[in-house]
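What follows is a set of notes on a single structure, which appears directly below.
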Amino acid sequence: MFKATIDADILKTAIETLSVLVDEARFRISPEGIVVRAVDPANVAMVSFDLNSSAFDEFNADDSEIGMDLSKINDIFSVAGRDEKVVMELDEMSQKMSLHLGGLSYTLALLDPSTIRAEPRIPQLELPAEVVLNGKDLQRAVKAAEKISDHMLLGIDEDVFYMEAEGDTDRVRLDMTRDSLIDLKSGEARSLFSLDYLSDIVKPASRSNEVTVELGKDFPVKIGFAIANGAGKVGYLLAPRIESD
Amino acid sequence: MNRMPAIVSFVETRKSLTPNLCIKCKGKGLCGRPYCPILEKFKSIESVVPKSSGDTSIFGASPPSVFVGRHNYPNVMAGPMIPPQLCGDDAMQLEDPKALLKMNIQDVIASRSQLVRASTGISVKNARTPDNPLIEKSQELALSKKPVDTEAWFNKPISNKLKFDNVLTPMGPSGDLRKFDITENPKVPKKVDSLVYDDDALAKDAISELWDGNIPAEHISRLLSIGLLGQERKLVPTRWSITAVDDMVGKDLLAEIRDYQQLSEVTVFSGGVFGNHFEIILIPRMFSFELIEVWMPRTVWSGGSTWIEADHEGFGGKTKYSNLAGGYYAARLGALEYLKSIRRQATIFMVREIRPEYWAPLGVWVVREGVRKAFSKEPEKFGSTEHAIANISSRLKTDRSKWMAQAAMLPDIRFQRTLDSFF
């Protein structure tokens, strides 16, 4: 059994954090809320998504697992008004989810979860350095880097968090000192990342004014932030590139 | 084949052309000239069948073969191809890649130049109800898997010009068809028979069923071309039908391959035909495909300089037509056939080096067969992609830095780490 009511806008932004990496996902539903762990087909980035039942106006659920096509859900939300509520109800017999919003009623065929990539194992990483910053600043640096390169360095040098990209002839660098950051835990950190992935990940992160970035030396980066006004959290893990030449 | 066609020099023609455009266009007419000067030169090679020239009627066994032109689409020229006086196995060779592969380029051209294109004007939409009995008979002919004896009469004596193209296999003189008879019953494979009479099957489903029924690509594209497949039947210019079949069959294979396990080791295949040399690296990853085409100086289209272009597709497949045209789909098909046969998926990185030995365009079947030839050889296994790259570089005549610079997908594979390496 699953029946829940939530702000359309909250659900829409929550789904977007997943759809930047995968087209379909397994949703684990329990009385506590909804959990998704998904990895992109190239095994380069993964997302862990937790949406607590408190994010919902109404939440009644048993334990179950469903598979959904995220692009279909995005299509439905593209016509939703800003302050509308969505009522979701699962029909286990027919394996369909009905969504009611603003007088519209959708019936969405679910995917067999076993046809979707299994939940990934999550590497246990001890990352030595951590910064907390406004998501907008992160996005600004990524956008600047995109103009000249397809990858970008993230690193920490003493009390400075830097983001740097180098193109064939040009270079762009954003330095952020302790006072422009919300928090900084210094450590040895310098890793290169593909902007293909990074720019997708910072899109939803840019809406949060407190994004945590954990880094190491040639190690994956963890990017985490809260969703649904604190009633949920999203964390990405992105594998680095090896610096060529 | 003892009568060789005269090999012509086309250096003079080149000077007024821009090789960069030529190699992209390969005879499509992008320069705005009504005819391609490079191909025109080949046309002046005389057919080795002078007896067909000047005749107004011919008798011979069609391999079987039909041709649908693309000029003035949708009102095209179409009809059977007939080698005068040739019968049985000799005729069959002309349309059989396995037989053509045993020849050298001169002999391929000499053999194919015996095929007289007997054509008549028709609108492509009239495929299902041909008001034109000549097309109806061509359709009957196209069904056959074995040569069919035919007789054709022309309005005017046959003109002795050959046809060359980067996708099409060379063809002989052409004539304006007046009357056409099939003098024996075509031998029609059961699978072909049932799908041709199935009006409900979509062309793409019919094609994949024919492929699964071991009908060769040449036969399938012949059926598609002469308007015998699908719900809404149309004539399809031969050139387009060849690539359409390569693409549709490839997509079909890919749908299965995506669910297979990943290959276990980096594997290298090498080989080719007619100066088309292939170096292929299979990398244990999810499916993706990258092809780099290297035209060395003095090959058909390249003029005096090396010309390199690349195209690739990711796990999701390709949506737009490749800038490498028909060759891309033919090469991909060869590689997908191999992956299907070992039931594994992999990332395919392929370099096609076209060497000066490839002095006349023989059509896209050369690519398909070249890739198959490479995959038929004993592979070498490597511990890393880097070692495999070093290995293929040693056999390629073009410097590694030149073709590597065009690779878009390979750097991602070489430098991007995956999360499973952090457990």
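In the structure tokens, the first chain shown is A, the next is B, and so on; residue numbers restart at 1 for each chain, and ligands run from 1 in the order shown.
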So that I can check the secondary structure, give me every residue of range 10-243 of chain A assigned strand (DSSP E or B) by backbone DSSP, as a PyMOL selection string.
chain A and resi 24-30+33-39+45-52+58-61+64-69+85-91+96-101+104-109+111+129-133+151-157+160-166+171-177+183-185+189-194+211-215+217+221-227+232-238+241
Write the residues of the selection above to a file with C-alpha atoms, as an mmCIF file, in the first residue's frame.
data_model
loop_
_atom_site.group_PDB
_atom_site.id
_atom_site.type_symbol
_atom_site.label_atom_id
_atom_site.label_comp_id
_atom_site.auth_asym_id
_atom_site.auth_seq_id
_atom_site.Cartn_x
_atom_site.Cartn_y
_atom_site.Cartn_z
ATOM 1 C CA GLU A 24 14.731 5.041 -14.733
ATOM 2 C CA ALA A 25 15.085 4.184 -11.070
ATOM 3 C CA ARG A 26 14.019 1.752 -8.357
ATOM 4 C CA PHE A 27 12.160 3.487 -5.539
ATOM 5 C CA ARG A 28 12.270 1.730 -2.164
ATOM 6 C CA ILE A 29 9.193 2.753 -0.233
ATOM 7 C CA SER A 30 8.779 2.188 3.520
ATOM 8 C CA GLY A 33 9.889 7.492 3.439
ATOM 9 C CA ILE A 34 11.405 6.858 -0.005
ATOM 10 C CA VAL A 35 14.972 5.818 -0.762
ATOM 11 C CA VAL A 36 16.740 5.575 -4.125
ATOM 12 C CA ARG A 37 20.297 4.467 -4.869
ATOM 13 C CA ALA A 38 21.238 4.617 -8.538
ATOM 14 C CA VAL A 39 24.372 4.588 -10.645
ATOM 15 C CA ALA A 45 28.562 8.672 -10.876
ATOM 16 C CA MET A 46 26.000 7.541 -8.340
ATOM 17 C CA VAL A 47 23.237 9.211 -6.438
ATOM 18 C CA SER A 48 21.759 8.405 -3.064
ATOM 19 C CA PHE A 49 18.404 9.946 -2.404
ATOM 20 C CA ASP A 50 16.394 9.964 0.829
ATOM 21 C CA LEU A 51 13.018 11.611 1.105
ATOM 22 C CA ASN A 52 11.591 11.421 4.609
ATOM 23 C CA GLU A 58 0.128 12.733 4.015
ATOM 24 C CA PHE A 59 2.117 9.525 3.838
ATOM 25 C CA ASN A 60 0.816 5.966 4.204
ATOM 26 C CA ALA A 61 3.038 3.160 3.047
ATOM 27 C CA SER A 64 7.537 -2.047 -1.367
ATOM 28 C CA GLU A 65 9.767 -1.462 -4.345
ATOM 29 C CA ILE A 66 8.642 0.114 -7.605
ATOM 30 C CA GLY A 67 10.379 1.030 -10.837
ATOM 31 C CA MET A 68 9.575 4.300 -12.582
ATOM 32 C CA ASP A 69 10.495 5.938 -15.851
ATOM 33 C CA LYS A 85 -0.443 19.362 -4.483
ATOM 34 C CA VAL A 86 0.108 15.920 -5.960
ATOM 35 C CA VAL A 87 -1.724 12.892 -4.670
ATOM 36 C CA MET A 88 0.007 9.634 -5.518
ATOM 37 C CA GLU A 89 -1.553 6.245 -5.132
ATOM 38 C CA LEU A 90 -0.116 2.853 -6.008
ATOM 39 C CA ASP A 91 -2.311 0.139 -7.455
ATOM 40 C CA LYS A 96 0.252 1.331 -11.965
ATOM 41 C CA MET A 97 0.717 4.600 -10.112
ATOM 42 C CA SER A 98 -2.014 7.195 -10.258
ATOM 43 C CA LEU A 99 -1.068 10.830 -9.877
ATOM 44 C CA HIS A 100 -3.656 13.540 -9.305
ATOM 45 C CA LEU A 101 -2.684 17.159 -9.615
ATOM 46 C CA LEU A 104 -5.603 16.232 -13.849
ATOM 47 C CA SER A 105 -5.357 12.565 -13.228
ATOM 48 C CA TYR A 106 -2.568 10.434 -14.651
ATOM 49 C CA THR A 107 -2.167 6.704 -14.592
ATOM 50 C CA LEU A 108 1.444 5.760 -14.991
ATOM 51 C CA ALA A 109 2.536 2.217 -15.874
ATOM 52 C CA LEU A 111 8.520 -0.690 -14.662
ATOM 53 C CA ALA A 129 38.915 17.572 3.037
ATOM 54 C CA GLU A 130 35.501 19.206 3.102
ATOM 55 C CA VAL A 131 34.018 22.554 2.139
ATOM 56 C CA VAL A 132 30.517 23.887 2.574
ATOM 57 C CA LEU A 133 29.442 26.598 0.172
ATOM 58 C CA HIS A 151 36.993 18.821 -17.317
ATOM 59 C CA MET A 152 37.725 20.698 -14.142
ATOM 60 C CA LEU A 153 39.987 20.489 -11.115
ATOM 61 C CA LEU A 154 38.590 20.794 -7.606
ATOM 62 C CA GLY A 155 41.148 21.197 -4.829
ATOM 63 C CA ILE A 156 42.104 22.681 -1.516
ATOM 64 C CA ASP A 157 45.301 24.571 -0.932
ATOM 65 C CA VAL A 160 41.657 28.182 -0.195
ATOM 66 C CA PHE A 161 39.148 26.058 -2.065
ATOM 67 C CA TYR A 162 39.852 26.348 -5.781
ATOM 68 C CA MET A 163 38.097 25.295 -8.952
ATOM 69 C CA GLU A 164 40.191 25.408 -12.081
ATOM 70 C CA ALA A 165 39.803 24.523 -15.740
ATOM 71 C CA GLU A 166 42.326 24.579 -18.512
ATOM 72 C CA ARG A 171 42.545 28.945 -18.152
ATOM 73 C CA VAL A 172 39.887 29.874 -15.649
ATOM 74 C CA ARG A 173 40.161 29.680 -11.883
ATOM 75 C CA LEU A 174 37.893 30.527 -8.989
ATOM 76 C CA ASP A 175 39.516 30.830 -5.538
ATOM 77 C CA MET A 176 37.340 30.852 -2.452
ATOM 78 C CA THR A 177 38.863 31.714 0.894
ATOM 79 C CA ASP A 183 32.845 26.006 6.305
ATOM 80 C CA LEU A 184 36.210 24.519 5.348
ATOM 81 C CA LYS A 185 38.088 21.503 6.652
ATOM 82 C CA ALA A 189 42.755 17.433 -1.973
ATOM 83 C CA ARG A 190 43.061 17.807 -5.728
ATOM 84 C CA SER A 191 41.032 15.801 -8.237
ATOM 85 C CA LEU A 192 39.961 16.244 -11.837
ATOM 86 C CA PHE A 193 36.349 15.712 -12.906
ATOM 87 C CA SER A 194 34.430 15.473 -16.146
ATOM 88 C CA VAL A 211 26.223 22.340 -0.443
ATOM 89 C CA THR A 212 28.841 20.070 1.113
ATOM 90 C CA VAL A 213 31.760 19.046 -1.099
ATOM 91 C CA GLU A 214 34.090 16.325 0.194
ATOM 92 C CA LEU A 215 37.366 15.810 -1.630
ATOM 93 C CA LYS A 217 43.624 13.436 -3.898
ATOM 94 C CA VAL A 221 34.051 13.789 -4.898
ATOM 95 C CA LYS A 222 30.980 13.650 -2.685
ATOM 96 C CA ILE A 223 28.486 16.441 -3.223
ATOM 97 C CA GLY A 224 25.590 16.585 -0.788
ATOM 98 C CA PHE A 225 22.714 18.895 0.003
ATOM 99 C CA ALA A 226 19.273 18.937 1.576
ATOM 100 C CA ILE A 227 16.027 18.789 -0.373
ATOM 101 C CA GLY A 232 15.304 14.877 2.549
ATOM 102 C CA LYS A 233 18.868 14.680 1.367
ATOM 103 C CA VAL A 234 20.719 13.926 -1.842
ATOM 104 C CA GLY A 235 24.324 12.838 -2.196
ATOM 105 C CA TYR A 236 26.305 12.330 -5.367
ATOM 106 C CA LEU A 237 29.526 10.432 -5.743
ATOM 107 C CA LEU A 238 31.544 11.158 -8.886
ATOM 108 C CA ARG A 241 39.549 11.543 -14.255
#
Check: which chain B residues lie within 12 Å of chain A using only C-alpha atoms, as a ChimeraX atom specification
/B:258-259,262,284-288,314-316,346-347,408,411-423
Identify, on the basis of only C-alpha atoms, every residue whose closest approach to His219 in chain B does not exceed 9 Å; exclude the query and any residue fewer than 2 positions from it along the same chain; express the result as number ranges by chain.
B: 64-65, 142-145, 215-217, 221-224
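Using only C-alpha atoms, the residues found no farther than 7 Å from Ala331 in chain B, other than those of its own chain fewer than 3 positions away, are B:Gly327, B:Tyr328, B:Gly334, B:Ala335, B:Val367, B:Arg368, B:Val371.
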Could you take the residues named above and write them with N, CA and C atoms, as a compact mmCIF listing (two decimals), in the first residue's frame?
# COMPACT_ATOMS: atom_id res chain seq x y z
N GLY B 327 29.59 4.18 -44.59
CA GLY B 327 30.69 3.39 -44.05
C GLY B 327 30.59 3.19 -42.55
N TYR B 328 30.06 4.19 -41.85
CA TYR B 328 29.93 4.10 -40.39
C TYR B 328 29.02 2.94 -40.01
N GLY B 334 29.48 -4.86 -38.71
CA GLY B 334 30.48 -5.92 -38.63
C GLY B 334 30.89 -6.19 -37.19
N ALA B 335 31.06 -5.12 -36.41
CA ALA B 335 31.49 -5.27 -35.02
C ALA B 335 30.37 -5.84 -34.14
N VAL B 367 33.66 -2.20 -46.62
CA VAL B 367 33.81 -1.89 -45.20
C VAL B 367 33.25 -3.04 -44.36
N ARG B 368 32.05 -3.46 -44.70
CA ARG B 368 31.40 -4.54 -43.95
C ARG B 368 32.28 -5.80 -43.97
N VAL B 371 35.69 -5.40 -42.02
CA VAL B 371 35.53 -5.56 -40.57
C VAL B 371 35.33 -7.04 -40.23
Which is closer to Lys190 in chain B than all the others in B:Gly213, B:Gly175, B:Pro379, B:Pro157, using only C-alpha atoms?
B:Gly213
Which value, in Å to one decimal, gives the distance between CA of Glu16 in chain A and CA of Leu127 in chain A?
26.4 Å
Test item, alpha helix (DSSP H) assignment across range 99-296 of chain B, answer as an MDAnalysis selection string:
chainID B and resid 99:101 105:112 133:142 190:196 203:212 217:225 238:257
Who sits within 10 Å of Lys156 in chain B, only C-alpha atoms, same chain under 6 positions skipped, as a ChimeraX atom specification
/B:54-57,175-178
When you look at range 67-84 of chain B with a cut-off of 7 Å (counting only C-alpha atoms), what residues show up, excluding the ones that are within fewer than 5 positions of it in the same chain? I need them as a short mmCIF file (atom, residue, chain, number, x, y, z; two decimals) with all heavy atoms, in the first residue's frame.
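Output below, filename part37.cif:
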data_model
loop_
_atom_site.label_atom_id
_atom_site.label_comp_id
_atom_site.auth_asym_id
_atom_site.auth_seq_id
_atom_site.Cartn_x
_atom_site.Cartn_y
_atom_site.Cartn_z
N SER B 52 28.15 -5.57 -75.53
CA SER B 52 26.86 -5.06 -75.09
C SER B 52 26.63 -3.64 -75.63
O SER B 52 25.53 -3.18 -75.76
CB SER B 52 26.77 -5.06 -73.57
OG SER B 52 27.73 -4.18 -73.04
N ILE B 58 19.57 -7.70 -74.99
CA ILE B 58 20.57 -8.56 -74.36
C ILE B 58 19.89 -9.74 -73.70
O ILE B 58 18.71 -9.68 -73.32
CB ILE B 58 21.42 -7.81 -73.30
CG1 ILE B 58 20.53 -7.09 -72.29
CG2 ILE B 58 22.38 -6.84 -73.96
CD1 ILE B 58 21.30 -6.48 -71.13
N PHE B 59 20.66 -10.81 -73.52
CA PHE B 59 20.17 -11.98 -72.82
C PHE B 59 21.23 -12.38 -71.81
O PHE B 59 22.42 -12.41 -72.11
CB PHE B 59 19.94 -13.12 -73.82
CG PHE B 59 19.47 -14.38 -73.17
CD1 PHE B 59 18.11 -14.57 -72.92
CD2 PHE B 59 20.37 -15.36 -72.77
CE1 PHE B 59 17.68 -15.72 -72.29
CE2 PHE B 59 19.93 -16.51 -72.14
CZ PHE B 59 18.58 -16.69 -71.90
N GLY B 60 20.82 -12.64 -70.57
CA GLY B 60 21.80 -13.05 -69.57
C GLY B 60 21.10 -13.37 -68.27
O GLY B 60 19.91 -13.08 -68.10
N ALA B 61 21.85 -13.98 -67.33
CA ALA B 61 21.28 -14.31 -66.03
C ALA B 61 21.59 -13.19 -65.06
O ALA B 61 22.75 -12.89 -64.81
CB ALA B 61 21.85 -15.62 -65.52
N SER B 62 20.55 -12.55 -64.51
CA SER B 62 20.77 -11.52 -63.50
C SER B 62 21.14 -12.22 -62.19
O SER B 62 20.53 -13.23 -61.85
CB SER B 62 19.50 -10.68 -63.34
OG SER B 62 19.73 -9.67 -62.37
N ALA B 91 27.38 -15.46 -63.23
CA ALA B 91 26.53 -14.30 -62.94
C ALA B 91 26.43 -14.08 -61.44
O ALA B 91 26.48 -12.96 -60.95
CB ALA B 91 25.14 -14.50 -63.54
N GLN B 114 30.27 -5.67 -66.27
CA GLN B 114 29.46 -6.46 -67.20
C GLN B 114 27.97 -6.28 -66.94
O GLN B 114 27.14 -6.69 -67.74
CB GLN B 114 29.79 -7.94 -67.05
CG GLN B 114 31.24 -8.26 -67.33
CD GLN B 114 31.53 -9.71 -67.06
OE1 GLN B 114 31.27 -10.57 -67.88
NE2 GLN B 114 32.02 -9.98 -65.88
N LEU B 115 27.64 -5.72 -65.78
CA LEU B 115 26.23 -5.59 -65.43
C LEU B 115 25.61 -4.39 -66.15
O LEU B 115 25.94 -3.25 -65.86
CB LEU B 115 26.07 -5.40 -63.92
CG LEU B 115 26.18 -6.65 -63.06
CD1 LEU B 115 26.23 -6.26 -61.59
CD2 LEU B 115 24.99 -7.58 -63.32
N VAL B 116 24.71 -4.67 -67.06
CA VAL B 116 24.02 -3.60 -67.76
C VAL B 116 22.82 -3.16 -66.91
O VAL B 116 22.01 -3.99 -66.50
CB VAL B 116 23.54 -4.07 -69.14
CG1 VAL B 116 22.68 -3.00 -69.80
CG2 VAL B 116 24.73 -4.43 -70.01
N ARG B 117 22.78 -1.86 -66.61
CA ARG B 117 21.64 -1.32 -65.86
C ARG B 117 20.51 -1.04 -66.85
O ARG B 117 20.60 -0.12 -67.64
CB ARG B 117 22.03 0.00 -65.19
CG ARG B 117 22.59 -0.12 -63.80
CD ARG B 117 23.09 1.22 -63.33
NE ARG B 117 24.21 1.67 -64.14
CZ ARG B 117 24.41 2.92 -64.49
NH1 ARG B 117 23.56 3.87 -64.17
NH2 ARG B 117 25.46 3.24 -65.23
N ALA B 118 19.48 -1.84 -66.77
CA ALA B 118 18.34 -1.63 -67.65
C ALA B 118 17.30 -0.89 -66.86
O ALA B 118 16.77 -1.42 -65.90
CB ALA B 118 17.81 -2.98 -68.11
N SER B 119 17.05 0.37 -67.21
CA SER B 119 16.17 1.12 -66.31
C SER B 119 15.02 1.81 -67.02
O SER B 119 15.06 2.06 -68.23
CB SER B 119 16.99 2.13 -65.50
OG SER B 119 17.79 2.87 -66.38
N THR B 120 14.03 2.12 -66.19
CA THR B 120 12.83 2.78 -66.68
C THR B 120 12.40 3.79 -65.61
O THR B 120 12.70 3.60 -64.44
CB THR B 120 11.73 1.73 -66.93
OG1 THR B 120 10.54 2.40 -67.31
CG2 THR B 120 11.44 0.91 -65.70
N GLY B 121 11.75 4.86 -66.04
CA GLY B 121 11.35 5.88 -65.07
C GLY B 121 10.12 5.47 -64.30
O GLY B 121 9.19 4.89 -64.85
N ILE B 122 10.12 5.74 -62.97
CA ILE B 122 8.95 5.40 -62.16
C ILE B 122 8.93 6.31 -60.92
O ILE B 122 9.97 6.75 -60.44
CB ILE B 122 8.97 3.91 -61.72
CG1 ILE B 122 7.71 3.58 -60.93
CG2 ILE B 122 10.22 3.57 -60.95
CD1 ILE B 122 7.55 2.12 -60.56
N SER B 123 7.73 6.60 -60.41
CA SER B 123 7.63 7.32 -59.16
C SER B 123 7.75 6.30 -58.04
O SER B 123 7.15 5.23 -58.08
CB SER B 123 6.29 8.03 -59.06
OG SER B 123 6.06 8.39 -57.72
N VAL B 124 8.55 6.63 -56.99
CA VAL B 124 8.81 5.66 -55.92
C VAL B 124 7.53 5.18 -55.25
O VAL B 124 7.49 4.09 -54.70
CB VAL B 124 9.78 6.21 -54.85
CG1 VAL B 124 11.15 6.46 -55.44
CG2 VAL B 124 9.23 7.47 -54.20
N ILE B 135 8.78 -2.85 -63.75
CA ILE B 135 9.11 -2.86 -62.32
C ILE B 135 8.55 -4.11 -61.67
O ILE B 135 9.19 -4.75 -60.83
CB ILE B 135 8.56 -1.58 -61.64
CG1 ILE B 135 9.27 -0.34 -62.17
CG2 ILE B 135 8.72 -1.65 -60.12
CD1 ILE B 135 10.78 -0.31 -61.97
N SER B 138 10.87 -6.72 -62.30
CA SER B 138 12.10 -6.53 -61.50
C SER B 138 11.89 -7.01 -60.08
O SER B 138 12.78 -7.57 -59.45
CB SER B 138 12.49 -5.05 -61.46
OG SER B 138 12.66 -4.56 -62.76
N SER B 225 14.88 -2.09 -51.58
CA SER B 225 15.09 -1.11 -52.62
C SER B 225 13.99 -1.16 -53.69
O SER B 225 13.49 -0.14 -54.14
CB SER B 225 16.46 -1.39 -53.24
OG SER B 225 16.66 -0.61 -54.37
N VAL B 236 13.17 2.40 -52.98
CA VAL B 236 14.18 3.10 -52.20
C VAL B 236 15.47 3.08 -53.03
O VAL B 236 15.92 2.00 -53.41
CB VAL B 236 14.43 2.40 -50.85
CG1 VAL B 236 15.47 3.15 -50.04
CG2 VAL B 236 13.13 2.26 -50.07
N PRO B 237 16.03 4.26 -53.32
CA PRO B 237 17.28 4.26 -54.07
C PRO B 237 18.28 3.26 -53.46
O PRO B 237 18.44 3.21 -52.24
CB PRO B 237 17.77 5.70 -53.94
CG PRO B 237 16.50 6.49 -53.88
CD PRO B 237 15.56 5.63 -53.06
N THR B 238 18.91 2.47 -54.31
CA THR B 238 19.78 1.39 -53.86
C THR B 238 20.79 1.87 -52.82
O THR B 238 21.03 1.23 -51.81
CB THR B 238 20.54 0.81 -55.07
OG1 THR B 238 19.57 0.42 -56.03
CG2 THR B 238 21.37 -0.39 -54.69
#
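CA of Asp212 in chain B to CA of Lys340 in chain B spans 12.0 Å [interatomic distance, one decimal].
With distances restricted to only C-alpha atoms, A:Asn134 is the closest residue to Ser180 in chain A from A:Asn134, A:Asn209, A:Thr17, A:Ser114.
Closest approach to Tyr260 in chain B among B:Ser384, B:Asn160, B:Ser305, B:Gln345 is made by B:Gln345 (distances from only C-alpha atoms).
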